[in-house]
file protein39.cif (mmCIF, C-alpha atoms and all ligand atoms)
data_model
#
loop_
_atom_site.label_atom_id
_atom_site.label_comp_id
_atom_site.auth_asym_id
_atom_site.auth_seq_id
_atom_site.Cartn_x
_atom_site.Cartn_y
_atom_site.Cartn_z
CA MET A 243 39.92 41.28 -49.22
CA ASP A 244 36.43 39.77 -49.42
CA TYR A 245 35.19 38.01 -46.29
CA ASN A 246 31.82 37.13 -47.84
CA LEU A 247 31.12 33.52 -48.67
CA SER A 248 30.00 32.79 -52.24
CA GLU A 249 26.45 31.64 -53.00
CA GLU A 250 27.76 28.12 -53.52
CA HIS A 251 29.60 28.07 -50.20
CA LEU A 252 26.52 29.38 -48.39
CA MET A 253 24.41 26.64 -49.98
CA ILE A 254 26.82 23.92 -48.88
CA GLN A 255 26.95 25.35 -45.38
CA GLN A 256 23.14 25.37 -45.22
CA ALA A 257 22.87 21.83 -46.60
CA ALA A 258 25.33 20.55 -43.96
CA ARG A 259 23.48 22.48 -41.23
CA ASP A 260 20.12 20.99 -42.28
CA PHE A 261 21.57 17.49 -42.46
CA ALA A 262 23.15 17.84 -39.01
CA GLN A 263 19.98 19.17 -37.40
CA ASN A 264 17.59 16.74 -39.10
CA GLU A 265 19.62 13.54 -39.28
CA LEU A 266 22.45 13.70 -36.76
CA LEU A 267 20.89 15.46 -33.79
CA PRO A 268 18.16 12.84 -33.18
CA GLY A 269 19.94 9.93 -31.52
CA VAL A 270 23.32 11.60 -30.97
CA ILE A 271 23.12 11.13 -27.18
CA GLU A 272 22.15 7.46 -27.48
CA ARG A 273 24.89 6.74 -30.03
CA ASP A 274 27.43 8.31 -27.68
CA GLU A 275 26.14 6.27 -24.76
CA LYS A 276 26.14 2.96 -26.67
CA GLN A 277 29.30 3.69 -28.70
CA GLU A 278 27.17 3.13 -31.80
CA PHE A 279 28.51 3.93 -35.27
CA PRO A 280 26.07 6.21 -37.19
CA ALA A 281 25.76 3.77 -40.09
CA ALA A 282 22.51 5.09 -41.58
CA GLN A 283 23.69 8.71 -41.30
CA VAL A 284 27.08 7.92 -42.89
CA LYS A 285 25.26 6.27 -45.80
CA MET A 286 23.23 9.48 -46.24
CA MET A 287 26.40 11.57 -46.04
CA GLY A 288 27.75 9.54 -48.95
CA GLU A 289 24.57 10.11 -50.97
CA LEU A 290 24.75 13.86 -50.28
CA GLY A 291 28.37 14.02 -51.44
CA PHE A 292 29.91 14.77 -48.03
CA LEU A 293 32.34 11.85 -48.09
CA GLY A 294 34.24 12.81 -51.23
CA MET A 295 33.83 16.57 -51.16
CA MET A 296 37.18 17.55 -52.68
CA VAL A 297 37.46 14.66 -55.13
CA SER A 298 36.92 15.60 -58.76
CA GLU A 299 33.63 14.56 -60.34
CA GLU A 300 35.57 12.30 -62.73
CA TYR A 301 36.31 10.03 -59.75
CA GLY A 302 32.87 10.18 -58.18
CA GLY A 303 33.46 13.17 -55.89
CA SER A 304 31.69 16.50 -55.45
CA GLY A 305 34.54 18.55 -57.01
CA MET A 306 34.46 21.21 -54.31
CA ASP A 307 37.23 23.19 -52.69
CA THR A 308 38.70 22.97 -49.21
CA LEU A 309 36.70 25.96 -47.99
CA ALA A 310 33.45 24.13 -48.85
CA TYR A 311 34.77 21.12 -46.97
CA VAL A 312 35.63 23.02 -43.78
CA LEU A 313 32.28 24.82 -43.83
CA ALA A 314 30.45 21.48 -44.00
CA MET A 315 32.75 19.94 -41.38
CA GLU A 316 32.05 22.77 -38.94
CA GLU A 317 28.27 22.33 -39.25
CA ILE A 318 28.44 18.57 -38.81
CA ALA A 319 30.87 18.77 -35.86
CA LYS A 320 28.61 21.33 -34.14
CA VAL A 321 26.10 18.53 -33.67
CA ASP A 322 28.02 15.25 -33.87
CA ALA A 323 31.82 15.25 -33.67
CA SER A 324 31.88 11.48 -34.25
CA ALA A 325 30.23 11.84 -37.65
CA ALA A 326 32.67 14.65 -38.39
CA VAL A 327 35.79 12.56 -37.80
CA ILE A 328 34.42 9.71 -39.94
CA MET A 329 33.89 12.31 -42.68
CA SER A 330 37.28 13.94 -42.15
CA VAL A 331 39.33 10.74 -42.36
CA ASN A 332 37.52 9.61 -45.50
CA ASN A 333 37.87 13.01 -47.21
CA SER A 334 41.25 14.33 -46.11
CA LEU A 335 43.37 11.29 -45.46
CA VAL A 336 41.98 8.57 -47.69
CA CYS A 337 40.35 10.19 -50.75
CA TRP A 338 42.76 13.13 -50.99
CA GLY A 339 45.79 10.86 -50.65
CA LEU A 340 44.52 8.48 -53.33
CA GLU A 341 43.51 11.17 -55.78
CA HIS A 342 46.85 12.98 -55.54
CA PHE A 343 49.26 10.07 -55.35
CA GLY A 344 47.39 6.92 -56.42
CA SER A 345 47.70 5.22 -59.82
CA GLU A 346 44.86 5.39 -62.35
CA GLU A 347 43.91 1.77 -61.54
CA GLN A 348 43.85 2.55 -57.80
CA LYS A 349 41.62 5.56 -58.44
CA GLN A 350 39.20 3.52 -60.54
CA LYS A 351 39.10 0.60 -58.12
CA TYR A 352 39.24 2.34 -54.71
CA LEU A 353 38.79 6.09 -54.98
CA LYS A 354 35.51 6.02 -56.92
CA PRO A 355 33.51 3.98 -54.36
CA LEU A 356 35.20 5.85 -51.48
CA ALA A 357 34.36 9.26 -52.91
CA LYS A 358 30.73 8.24 -53.48
CA GLY A 359 30.58 6.95 -49.89
CA GLU A 360 29.68 3.41 -51.06
CA ILE A 361 32.54 2.27 -48.84
CA ILE A 362 34.66 4.14 -46.31
CA GLY A 363 38.38 4.17 -45.69
CA ALA A 364 40.88 4.27 -42.84
CA PHE A 365 44.38 5.73 -42.55
CA CYS A 366 46.78 3.54 -40.59
CA LEU A 367 49.96 5.19 -39.36
CA SER A 368 49.94 5.01 -35.53
CA GLU A 369 51.45 2.04 -33.76
CA PRO A 370 51.89 1.06 -30.13
CA GLU A 371 55.34 2.69 -30.25
CA ALA A 372 54.96 5.10 -33.15
CA GLY A 373 52.27 7.74 -32.69
CA SER A 374 53.99 11.12 -32.65
CA ASP A 375 57.33 9.67 -33.75
CA ALA A 376 55.97 8.56 -37.09
CA THR A 377 59.30 7.54 -38.65
CA SER A 378 59.71 4.73 -36.08
CA GLN A 379 57.39 2.34 -37.90
CA LYS A 380 57.67 -1.26 -36.67
CA THR A 381 55.15 -2.67 -39.13
CA THR A 382 57.08 -4.22 -42.00
CA ALA A 383 56.24 -4.63 -45.67
CA ILE A 384 58.85 -7.00 -47.06
CA ASP A 385 59.31 -7.02 -50.82
CA GLN A 386 58.52 -10.48 -52.23
CA GLY A 387 58.69 -9.65 -55.94
CA ASP A 388 55.07 -9.25 -57.03
CA HIS A 389 53.75 -8.55 -53.53
CA TYR A 390 54.65 -7.27 -50.06
CA LEU A 391 54.40 -9.39 -46.94
CA LEU A 392 52.84 -7.17 -44.28
CA ASN A 393 53.39 -7.83 -40.56
CA GLY A 394 52.68 -5.66 -37.55
CA THR A 395 50.06 -3.86 -35.47
CA LYS A 396 48.35 -0.49 -35.95
CA ASN A 397 46.62 1.31 -33.09
CA TRP A 398 43.75 3.77 -32.58
CA ILE A 399 42.54 3.49 -36.17
CA THR A 400 39.47 5.64 -36.90
CA ASN A 401 36.89 3.72 -39.02
CA GLY A 402 38.93 0.63 -38.06
CA GLY A 403 35.98 -1.78 -37.99
CA THR A 404 33.76 -0.22 -40.62
CA ALA A 405 36.26 0.58 -43.38
CA ASP A 406 36.71 -1.59 -46.46
CA VAL A 407 39.93 0.07 -47.60
CA TYR A 408 42.94 0.78 -45.36
CA LEU A 409 45.95 2.89 -46.28
CA VAL A 410 48.73 1.26 -44.26
CA ILE A 411 52.14 2.82 -43.65
CA ALA A 412 54.93 0.27 -43.20
CA GLN A 413 58.70 -0.05 -43.25
CA THR A 414 60.26 -1.87 -46.21
CA TYR A 415 63.95 -0.92 -45.79
CA PRO A 416 64.67 -0.20 -42.09
CA GLU A 417 68.25 0.85 -42.92
CA LYS A 418 66.87 3.77 -45.00
CA GLY A 419 64.83 5.28 -42.14
CA HIS A 420 61.91 7.39 -43.33
CA LYS A 421 63.02 6.92 -46.96
CA GLY A 422 62.38 3.17 -46.64
CA ILE A 423 58.70 3.47 -45.75
CA ASN A 424 55.82 2.55 -48.09
CA ALA A 425 52.08 3.21 -48.11
CA LEU A 426 49.98 0.19 -49.12
CA ILE A 427 46.30 -0.24 -49.88
CA VAL A 428 44.96 -3.14 -47.83
CA GLU A 429 41.45 -4.52 -48.29
CA LYS A 430 39.23 -5.83 -45.53
CA GLY A 431 39.18 -9.62 -45.77
CA MET A 432 42.74 -10.09 -47.01
CA ALA A 433 44.09 -13.29 -45.40
CA GLY A 434 46.05 -12.55 -42.21
CA PHE A 435 44.34 -9.21 -41.51
CA GLU A 436 42.52 -9.19 -38.17
CA LEU A 437 40.68 -6.55 -36.15
CA GLY A 438 41.38 -5.97 -32.49
CA PRO A 439 38.50 -5.17 -30.11
CA LYS A 440 36.71 -1.82 -30.40
CA GLU A 441 38.33 0.80 -28.12
CA GLN A 442 36.22 2.08 -25.20
CA LYS A 443 36.74 5.84 -25.53
CA LEU A 444 36.23 9.03 -23.51
CA GLY A 445 34.78 10.93 -26.48
CA ILE A 446 33.86 10.68 -30.18
CA ARG A 447 32.24 7.45 -29.05
CA GLY A 448 30.10 7.09 -32.20
CA SER A 449 33.24 6.71 -34.29
CA ASP A 450 34.69 3.28 -34.40
CA THR A 451 38.31 2.87 -33.30
CA HIS A 452 40.26 -0.38 -33.42
CA SER A 453 43.71 -1.90 -33.42
CA LEU A 454 44.57 -3.82 -36.58
CA MET A 455 46.82 -6.86 -36.74
CA PHE A 456 48.62 -7.99 -39.89
CA THR A 457 50.22 -11.43 -40.04
CA ASP A 458 51.87 -12.33 -43.35
CA VAL A 459 49.26 -10.40 -45.32
CA LYS A 460 50.08 -10.59 -49.03
CA VAL A 461 49.55 -7.12 -50.52
CA PRO A 462 49.98 -6.92 -54.32
CA LYS A 463 52.73 -4.55 -55.51
CA ASP A 464 50.05 -2.73 -57.53
CA ASN A 465 48.61 -1.59 -54.20
CA ARG A 466 51.66 0.49 -53.29
CA ILE A 467 50.94 4.23 -53.46
CA GLY A 468 53.59 6.15 -55.35
CA GLU A 469 57.25 5.27 -55.84
CA ASP A 470 59.11 2.77 -53.67
CA GLY A 471 59.96 4.56 -50.39
CA PHE A 472 57.38 7.37 -50.81
CA GLY A 473 55.26 6.22 -47.84
CA PHE A 474 56.50 8.67 -45.20
CA LYS A 475 56.16 11.69 -47.46
CA PHE A 476 52.74 10.40 -48.47
CA ALA A 477 51.74 10.29 -44.79
CA MET A 478 53.12 13.76 -44.04
CA LYS A 479 51.53 15.42 -47.07
CA THR A 480 48.22 13.75 -46.37
CA LEU A 481 48.27 14.61 -42.66
CA ALA A 482 49.04 18.26 -43.46
CA GLY A 483 45.60 18.49 -45.12
CA GLY A 484 44.03 16.22 -42.52
CA ARG A 485 44.94 18.76 -39.86
CA ILE A 486 42.76 21.36 -41.58
CA GLY A 487 39.86 18.90 -41.38
CA ILE A 488 40.44 18.26 -37.66
CA ALA A 489 40.80 22.00 -37.06
CA SER A 490 37.33 22.46 -38.59
CA GLN A 491 36.00 19.62 -36.44
CA ALA A 492 37.39 21.40 -33.35
CA LEU A 493 35.89 24.69 -34.53
CA GLY A 494 32.50 22.99 -34.91
CA ILE A 495 32.64 21.54 -31.39
CA ALA A 496 33.52 24.99 -30.01
CA ALA A 497 30.78 26.76 -31.98
CA GLY A 498 28.19 24.12 -31.08
CA ALA A 499 29.01 24.34 -27.36
CA TYR A 500 28.95 28.16 -27.50
CA GLU A 501 25.54 28.27 -29.19
CA LEU A 502 24.02 25.93 -26.62
CA ALA A 503 25.51 27.96 -23.74
CA ARG A 504 24.32 31.27 -25.26
CA ASP A 505 20.77 29.98 -25.76
CA TYR A 506 20.65 28.45 -22.28
CA SER A 507 21.88 31.67 -20.68
CA LYS A 508 18.94 33.53 -22.24
CA VAL A 509 16.31 31.31 -20.60
CA ARG A 510 17.87 30.18 -17.34
CA LYS A 511 17.11 32.60 -14.49
CA ALA A 512 19.13 33.23 -11.33
CA PHE A 513 19.03 36.15 -8.89
CA GLY A 514 15.90 37.49 -10.55
CA THR A 515 17.07 37.68 -14.17
CA GLU A 516 18.24 35.55 -17.10
CA ILE A 517 21.85 34.55 -16.39
CA CYS A 518 23.11 36.22 -19.60
CA ASN A 519 22.40 39.52 -17.84
CA HIS A 520 25.08 38.78 -15.27
CA GLN A 521 28.50 39.95 -16.38
CA ALA A 522 30.05 36.76 -15.02
CA ILE A 523 28.21 34.88 -17.80
CA ALA A 524 28.12 37.59 -20.48
CA PHE A 525 31.92 38.04 -20.31
CA LYS A 526 32.44 34.29 -20.64
CA LEU A 527 30.24 34.29 -23.76
CA ALA A 528 32.12 37.28 -25.18
CA ASP A 529 35.46 35.50 -24.71
CA MET A 530 34.12 32.29 -26.23
CA LEU A 531 32.75 34.04 -29.30
CA THR A 532 35.96 36.01 -29.85
CA GLN A 533 38.10 32.89 -29.65
CA ILE A 534 35.78 30.98 -31.99
CA GLU A 535 35.93 33.79 -34.53
CA ALA A 536 39.74 33.82 -34.34
CA ALA A 537 39.83 30.03 -34.79
CA ARG A 538 37.49 30.32 -37.78
CA HIS A 539 39.83 32.81 -39.44
CA LEU A 540 42.77 30.43 -39.00
CA VAL A 541 40.78 27.48 -40.36
CA HIS A 542 39.56 29.42 -43.40
CA LYS A 543 43.05 30.80 -44.03
CA ALA A 544 44.54 27.29 -44.03
CA ALA A 545 41.76 26.10 -46.38
CA TRP A 546 42.40 29.08 -48.63
CA ASP A 547 46.15 28.33 -48.68
CA LYS A 548 45.39 24.78 -49.77
CA ASP A 549 42.98 25.96 -52.46
CA GLN A 550 45.57 28.46 -53.75
CA ASP A 551 48.28 25.77 -53.91
CA ASN A 552 50.24 27.67 -51.27
CA ASN A 553 52.18 25.68 -48.70
CA TYR A 554 49.69 24.90 -45.91
CA ASP A 555 51.82 22.87 -43.49
CA THR A 556 52.18 25.80 -41.09
CA SER A 557 48.77 27.43 -41.50
CA GLY A 558 47.11 24.01 -41.09
CA ALA A 559 49.15 23.27 -37.95
CA MET A 560 48.30 26.71 -36.53
CA ALA A 561 44.61 26.22 -37.25
CA LYS A 562 44.61 22.81 -35.57
CA LEU A 563 46.66 23.96 -32.58
CA TYR A 564 44.45 26.95 -31.88
CA ALA A 565 41.03 25.55 -32.80
CA SER A 566 41.57 22.45 -30.65
CA GLN A 567 42.50 24.62 -27.66
CA VAL A 568 39.39 26.75 -28.27
CA ALA A 569 37.25 23.59 -28.51
CA MET A 570 38.56 22.44 -25.13
CA ASP A 571 38.25 25.84 -23.40
CA THR A 572 34.87 26.69 -24.89
CA SER A 573 33.28 23.34 -24.12
CA ILE A 574 34.48 23.54 -20.48
CA GLU A 575 32.96 27.02 -20.20
CA ALA A 576 29.74 25.80 -21.80
CA VAL A 577 29.44 23.14 -19.10
CA GLN A 578 30.11 25.81 -16.44
CA ILE A 579 27.42 28.12 -17.83
CA HIS A 580 24.93 25.25 -17.76
CA GLY A 581 25.76 24.61 -14.08
CA GLY A 582 24.41 21.28 -12.85
CA ASN A 583 22.57 20.76 -16.14
CA GLY A 584 25.90 20.90 -17.93
CA TYR A 585 26.93 17.73 -16.17
CA VAL A 586 24.04 15.61 -17.46
CA LYS A 587 23.74 14.09 -20.90
CA GLU A 588 20.53 15.65 -22.21
CA TYR A 589 22.12 19.11 -22.46
CA HIS A 590 24.84 17.86 -24.88
CA VAL A 591 27.70 20.02 -23.58
CA GLU A 592 29.28 17.31 -21.40
CA ARG A 593 29.62 15.19 -24.56
CA MET A 594 31.17 18.09 -26.44
CA MET A 595 33.70 18.58 -23.64
CA ARG A 596 34.66 14.90 -23.89
CA ASP A 597 34.76 15.04 -27.71
CA ALA A 598 36.94 18.17 -27.72
CA LYS A 599 39.89 16.46 -26.04
CA ILE A 600 40.74 14.19 -28.95
CA THR A 601 41.24 17.16 -31.27
CA GLN A 602 44.38 17.97 -29.24
CA ILE A 603 45.66 14.43 -29.69
CA TYR A 604 44.95 12.86 -33.09
CA GLU A 605 46.50 13.78 -36.43
CA GLY A 606 49.38 15.12 -34.37
CA THR A 607 49.18 16.28 -30.75
CA SER A 608 49.31 19.99 -29.96
CA GLU A 609 53.00 19.51 -29.24
CA ILE A 610 53.52 18.08 -32.76
CA GLN A 611 51.76 21.12 -34.25
CA LYS A 612 54.20 23.34 -32.34
CA ILE A 613 57.12 21.34 -33.80
CA VAL A 614 55.74 21.90 -37.31
CA ILE A 615 55.19 25.64 -36.68
CA SER A 616 58.51 26.27 -34.94
CA ARG A 617 60.47 24.45 -37.66
CA SER A 618 58.88 26.69 -40.28
CA LEU A 619 59.77 29.86 -38.38
CA LEU A 620 63.36 28.68 -37.92
CA ARG A 621 63.55 27.92 -41.68
CA ASP A 622 62.31 31.38 -42.74
N1 LIG B 1 55.18 17.37 -46.63
C1 LIG B 1 56.15 16.74 -47.33
N2 LIG B 1 57.25 16.20 -46.75
C2 LIG B 1 57.37 16.31 -45.42
C3 LIG B 1 56.41 16.97 -44.63
C4 LIG B 1 55.27 17.51 -45.28
N3 LIG B 1 54.28 18.12 -44.62
N4 LIG B 1 56.82 16.93 -43.34
C5 LIG B 1 57.99 16.27 -43.32
N5 LIG B 1 58.31 15.89 -44.59
C6 LIG B 1 59.52 15.21 -45.03
C7 LIG B 1 60.78 16.00 -44.68
O1 LIG B 1 61.06 16.95 -45.69
C8 LIG B 1 61.82 14.92 -44.61
O2 LIG B 1 62.23 14.56 -45.92
P1 LIG B 1 63.78 14.70 -46.41
O3 LIG B 1 64.60 13.88 -45.46
O4 LIG B 1 63.74 14.20 -47.81
O5 LIG B 1 64.09 16.16 -46.30
C9 LIG B 1 61.05 13.73 -44.06
O6 LIG B 1 59.67 13.97 -44.32
C10 LIG B 1 61.27 13.54 -42.57
O7 LIG B 1 60.87 14.75 -41.95
P2 LIG B 1 61.37 15.16 -40.51
O8 LIG B 1 62.86 15.01 -40.41
O9 LIG B 1 60.77 16.48 -40.22
O10 LIG B 1 60.71 13.99 -39.62
P3 LIG B 1 60.61 13.85 -38.06
O11 LIG B 1 60.88 12.44 -37.71
O12 LIG B 1 61.38 14.91 -37.38
O13 LIG B 1 59.02 14.04 -37.80
C11 LIG B 1 56.96 15.16 -37.44
C12 LIG B 1 58.32 15.15 -38.16
C13 LIG B 1 56.27 16.43 -37.90
C14 LIG B 1 57.12 15.18 -35.94
C15 LIG B 1 56.16 13.91 -37.90
O14 LIG B 1 56.72 12.72 -37.38
C16 LIG B 1 54.71 13.96 -37.51
O15 LIG B 1 53.92 14.63 -38.15
N6 LIG B 1 54.32 13.22 -36.45
C17 LIG B 1 52.92 13.12 -36.04
C18 LIG B 1 52.24 12.02 -36.79
C19 LIG B 1 50.76 12.09 -36.62
O16 LIG B 1 50.13 13.07 -36.96
N7 LIG B 1 50.19 10.99 -36.10
C20 LIG B 1 48.76 10.89 -35.98
C21 LIG B 1 48.28 9.64 -36.62
S1 LIG B 1 47.10 9.75 -37.88
C22 LIG B 1 45.59 9.90 -37.17
O17 LIG B 1 45.44 10.32 -36.07
C23 LIG B 1 44.45 9.54 -38.06
C24 LIG B 1 43.15 9.22 -37.44
O18 LIG B 1 42.76 8.09 -37.36
C25 LIG B 1 42.26 10.35 -37.01
#
call {"tool": "encode", "arguments": {"input": "protein39.cif", "output": "C-alpha cells", "more": "lines below"}}
Ligand code: CAA
result
Amino acid sequence: MDYNLSEEHLMIQQAARDFAQNELLPGVIERDEKQEFPAAQVKMMGELGFLGMMVSEEYGGSGMDTLAYVLAMEEIAKVDASAAVIMSVNNSLVCWGLEHFGSEEQKQKYLKPLAKGEIIGAFCLSEPEAGSDATSQKTTAIDQGDHYLLNGTKNWITNGGTADVYLVIAQTYPEKGHKGINALIVEKGMAGFELGPKEQKLGIRGSDTHSLMFTDVKVPKDNRIGEDGFGFKFAMKTLAGGRIGIASQALGIAAGAYELARDYSKVRKAFGTEICNHQAIAFKLADMLTQIEAARHLVHKAAWDKDQDNNYDTSGAMAKLYASQVAMDTSIEAVQIHGGNGYVKEYHVERMMRDAKITQIYEGTSEIQKIVISRSLLRD
C-alpha cells in the first residue's frame, strides 16, 4: 500500500492551497458578515479548472480523479467553506450527474460551460416536506407530450440565486412512487420560474441559498436526464458522490480550525509559558490531529473507491458521517483554545464552528448516513 501522493496530486493540492491563501483568505470575514457571494473568486476557480475537476477534457473539464478533487476541496474549505460548497455542488452534483447520465446534446449545451465555470449549477431535490425523505417529492412534472409542466417549490438550494442551470427532481407518476420521479434541466429565466428570498444562515454565509418556485414552467422533454422515471436513482447516485465532496469540505474545516488553534497555542502565553506547553491544550491538539487524520483516511478511501469503480455508497457515507463530526468537534475545541479571542470574528474559528454544522445536515443528515451504512451491513 502506497500512502504517498503522486507528483500531480501534490501539484493540485499546492495550487488549491495557494489559491485559498491568496484569493479566498482576504475578505472571507467580510463576505461572511455581509452574506456576500464570492463572485470574483468563483470566476477564478472556473479559470483554474476547479469547477469541473472530474469532467473529461472533451467536455471542458480538467479530467482529474476524485482524489485530486478531495485534495483541492480540503485546501479550499480550510480557508473558506462557502467557496468549497459552491465548488462541491457544481463538481459532484451537477457536472458529474450530467456527464454520467446526460445526453450528448445536454453535455454540449450545459456540461461544457458548467465544467469551464462559465456558468454554475444547482441541484434541486429538497422540498418543504421532502428533505431526508427524498421519495416524497411534491413537485410535479406532468407529461404534456413534447414538454413537462413543472409545478412546486424547492428549498435550501445551494447556488440558488447565482446558478444558470438547475437539475430539478420532480414527480411525474405519483402512483409509481420513487420509480415515477424524473430529473429535469431547468434554465434560469424560463417563464414561471421564480426565486424566493435569500436565506439568512448560521454558517456558509458566502454561499447563496434560496427557495425556488415553479408555476407551470414548460420544460422541454429533451431536458429530461436519462430514461423516464430515472430521476430518483439519478439523485441517489449523484448524492453518493456528493457526500465525498461534503466529507472533504468537513475535513478542510476541521484541518483549518486545528491549524489556527495550533499556531495560536504556540504564541499565546498563560501562567508563564506558551499555552501549548500546558497538557490541557496539548492533549486537545493531539486529539484533534488524530481525529483529522482518521477522517482524512476515510475521505481518501471513499475517493479511491470511486476512482476504482468500486461501490462507494457506504465508504462515502462513512467519510461524511465521521468527517462532519470531526469538523464540529474540532472547530468547537479551536474556539476553546483561543479563549475569548475565539469568540470574535478576526480569529476565524467562530466562523468555522458555524460553518461546520451544515456538514452534518446537507446532502443527507448524519442520521441518513447511518441509514445508508446500516443498510449495507445488513445486506452483507
Ligand atoms: N445508487 C443507486 N440507487 C439507489 C441508491 C444509490 N446510492 N440508493 C438508493 N437507490 C435506489 C434503491 O435501490 C431503490 O431502487 P429499487 O426500488 O429499484 O430497488 C430506490 O433507490 C429507493 O431506495 P430506498 O428504498 O432505499 O429509498 P428510501 O426512501 O428508503 O430512502 C435514503 C433512502 C437513503 C434515506 C434516501 O431517501 C436519501 O438519501 N435521503 C437523503 C436525501 C438527501 O441527501 N437530501 C439532501 C438534499 S441535496 C443537498 O443538500 C444539496 C445541496 O444543495 C448542498
call {"tool": "residues_near_ligand", "arguments": {"input": "protein39.cif", "ligand": "ligand LIG 1 (chain B)", "cutoff": "6 Å", "atoms": "all atoms listed in the file", "output": "NGL selection string"}}
result
:A and (365 or 367-368 or 373-377 or 399-400 or 475 or 478-479 or 482 or 555 or 604-606 or 610 or 614)
call {"tool": "residues_around", "arguments": {"input": "protein39.cif", "residues": "Glu592 of chain A", "least_positions_apart": "3", "cutoff": "10 Å", "atoms": "only C-alpha atoms", "output": "list in words"}}
result
Gly445, Ala499, Ser573, Ile574, Ala576, Val577, Gln578, His580, Asn583, Gly584, Tyr585, Val586, Lys587, Glu588, Tyr589, Met595, Arg596, Asp597 and Ala598 of chain A
call {"tool": "atom_distance", "arguments": {"input": "protein39.cif", "atom1": "atom CA of Pro439 of chain A", "atom2": "atom CA of Glu371 of chain A"}}
result
18.6 Å
call {"tool": "atom_distance", "arguments": {"input": "protein39.cif", "atom1": "atom CA of Met295 of chain A", "atom2": "atom CA of Ser248 of chain A"}}
result
16.7 Å
call {"tool": "closest_residue", "arguments": {"input": "protein39.cif", "among": "A:Ile579, A:Ala262, A:Ile488, A:Val312", "to": "Ile523 of chain A", "atoms": "only C-alpha atoms"}}
result
A:Ile579
call {"tool": "residues_near_point", "arguments": {"input": "protein39.cif", "point": "(39.1, 4.5, -36.5)", "cutoff": "7 Å", "atoms": "all atoms listed in the file", "output": "VMD selection string"}}
result
chain A and resid 364 398 to 402 449 to 452
call {"tool": "closest_residue", "arguments": {"input": "protein39.cif", "among": "A:Gln567, A:Asn553, A:Asn333, A:Asn393", "to": "Asp307 of chain A", "atoms": "only C-alpha atoms"}}
result
A:Asn333
call {"tool": "closest_residue", "arguments": {"input": "protein39.cif", "among": "A:Gly291, A:Gly387, A:Gly305, A:Gly487", "to": "Lys460 of chain A", "atoms": "only C-alpha atoms"}}
result
A:Gly387
call {"tool": "closest_residue", "arguments": {"input": "protein39.cif", "among": "A:Asp385, A:Asp505, A:Glu316, A:Glu275", "to": "Tyr415 of chain A", "atoms": "only C-alpha atoms"}}
result
A:Asp385
call {"tool": "atom_distance", "arguments": {"input": "protein39.cif", "atom1": "atom CA of Val568 of chain A", "atom2": "atom CA of Ala528 of chain A"}}
result
13.2 Å
call {"tool": "closest_residue", "arguments": {"input": "protein39.cif", "among": "A:Gly344, A:Gly558, A:Gly403, A:Gly581", "to": "Gly483 of chain A", "atoms": "all atoms listed in the file"}}
result
A:Gly558
call {"tool": "build_atoms", "arguments": {"input": "protein39.cif", "residues": "segment 441-453 of chain A", "atoms": "N, CA and C atoms", "output": "PDB file, in the frame of the given file"}}
result
ATOM      1  N   GLU A 441      37.845   0.047 -29.289  1.00  0.00           N
ATOM      2  CA  GLU A 441      38.330   0.800 -28.120  1.00  0.00           C
ATOM      3  C   GLU A 441      37.159   1.429 -27.373  1.00  0.00           C
ATOM      4  N   GLN A 442      37.228   1.427 -26.061  1.00  0.00           N
ATOM      5  CA  GLN A 442      36.220   2.080 -25.200  1.00  0.00           C
ATOM      6  C   GLN A 442      36.740   3.492 -24.933  1.00  0.00           C
ATOM      7  N   LYS A 443      36.122   4.509 -25.535  1.00  0.00           N
ATOM      8  CA  LYS A 443      36.740   5.840 -25.530  1.00  0.00           C
ATOM      9  C   LYS A 443      36.007   6.857 -24.644  1.00  0.00           C
ATOM     10  N   LEU A 444      36.773   7.893 -24.264  1.00  0.00           N
ATOM     11  CA  LEU A 444      36.230   9.030 -23.510  1.00  0.00           C
ATOM     12  C   LEU A 444      35.232   9.819 -24.369  1.00  0.00           C
ATOM     13  N   GLY A 445      35.623  10.102 -25.602  1.00  0.00           N
ATOM     14  CA  GLY A 445      34.780  10.930 -26.480  1.00  0.00           C
ATOM     15  C   GLY A 445      34.730  10.344 -27.892  1.00  0.00           C
ATOM     16  N   ILE A 446      34.168  11.121 -28.806  1.00  0.00           N
ATOM     17  CA  ILE A 446      33.860  10.680 -30.180  1.00  0.00           C
ATOM     18  C   ILE A 446      33.499   9.181 -30.191  1.00  0.00           C
ATOM     19  N   ARG A 447      32.546   8.851 -29.296  1.00  0.00           N
ATOM     20  CA  ARG A 447      32.240   7.450 -29.050  1.00  0.00           C
ATOM     21  C   ARG A 447      31.423   6.820 -30.182  1.00  0.00           C
ATOM     22  N   GLY A 448      30.828   7.643 -31.053  1.00  0.00           N
ATOM     23  CA  GLY A 448      30.100   7.090 -32.200  1.00  0.00           C
ATOM     24  C   GLY A 448      31.065   6.651 -33.300  1.00  0.00           C
ATOM     25  N   SER A 449      32.269   7.152 -33.280  1.00  0.00           N
ATOM     26  CA  SER A 449      33.240   6.710 -34.290  1.00  0.00           C
ATOM     27  C   SER A 449      33.876   5.430 -33.775  1.00  0.00           C
ATOM     28  N   ASP A 450      34.355   4.648 -34.746  1.00  0.00           N
ATOM     29  CA  ASP A 450      34.690   3.280 -34.400  1.00  0.00           C
ATOM     30  C   ASP A 450      36.200   3.109 -34.516  1.00  0.00           C
ATOM     31  N   THR A 451      36.843   2.843 -33.378  1.00  0.00           N
ATOM     32  CA  THR A 451      38.310   2.870 -33.300  1.00  0.00           C
ATOM     33  C   THR A 451      38.823   1.494 -32.880  1.00  0.00           C
ATOM     34  N   HIS A 452      39.749   0.974 -33.668  1.00  0.00           N
ATOM     35  CA  HIS A 452      40.260  -0.380 -33.420  1.00  0.00           C
ATOM     36  C   HIS A 452      41.774  -0.430 -33.580  1.00  0.00           C
ATOM     37  N   SER A 453      42.369  -1.489 -33.013  1.00  0.00           N
ATOM     38  CA  SER A 453      43.710  -1.900 -33.420  1.00  0.00           C
ATOM     39  C   SER A 453      43.551  -2.833 -34.619  1.00  0.00           C
TER      40      SER A 453
END
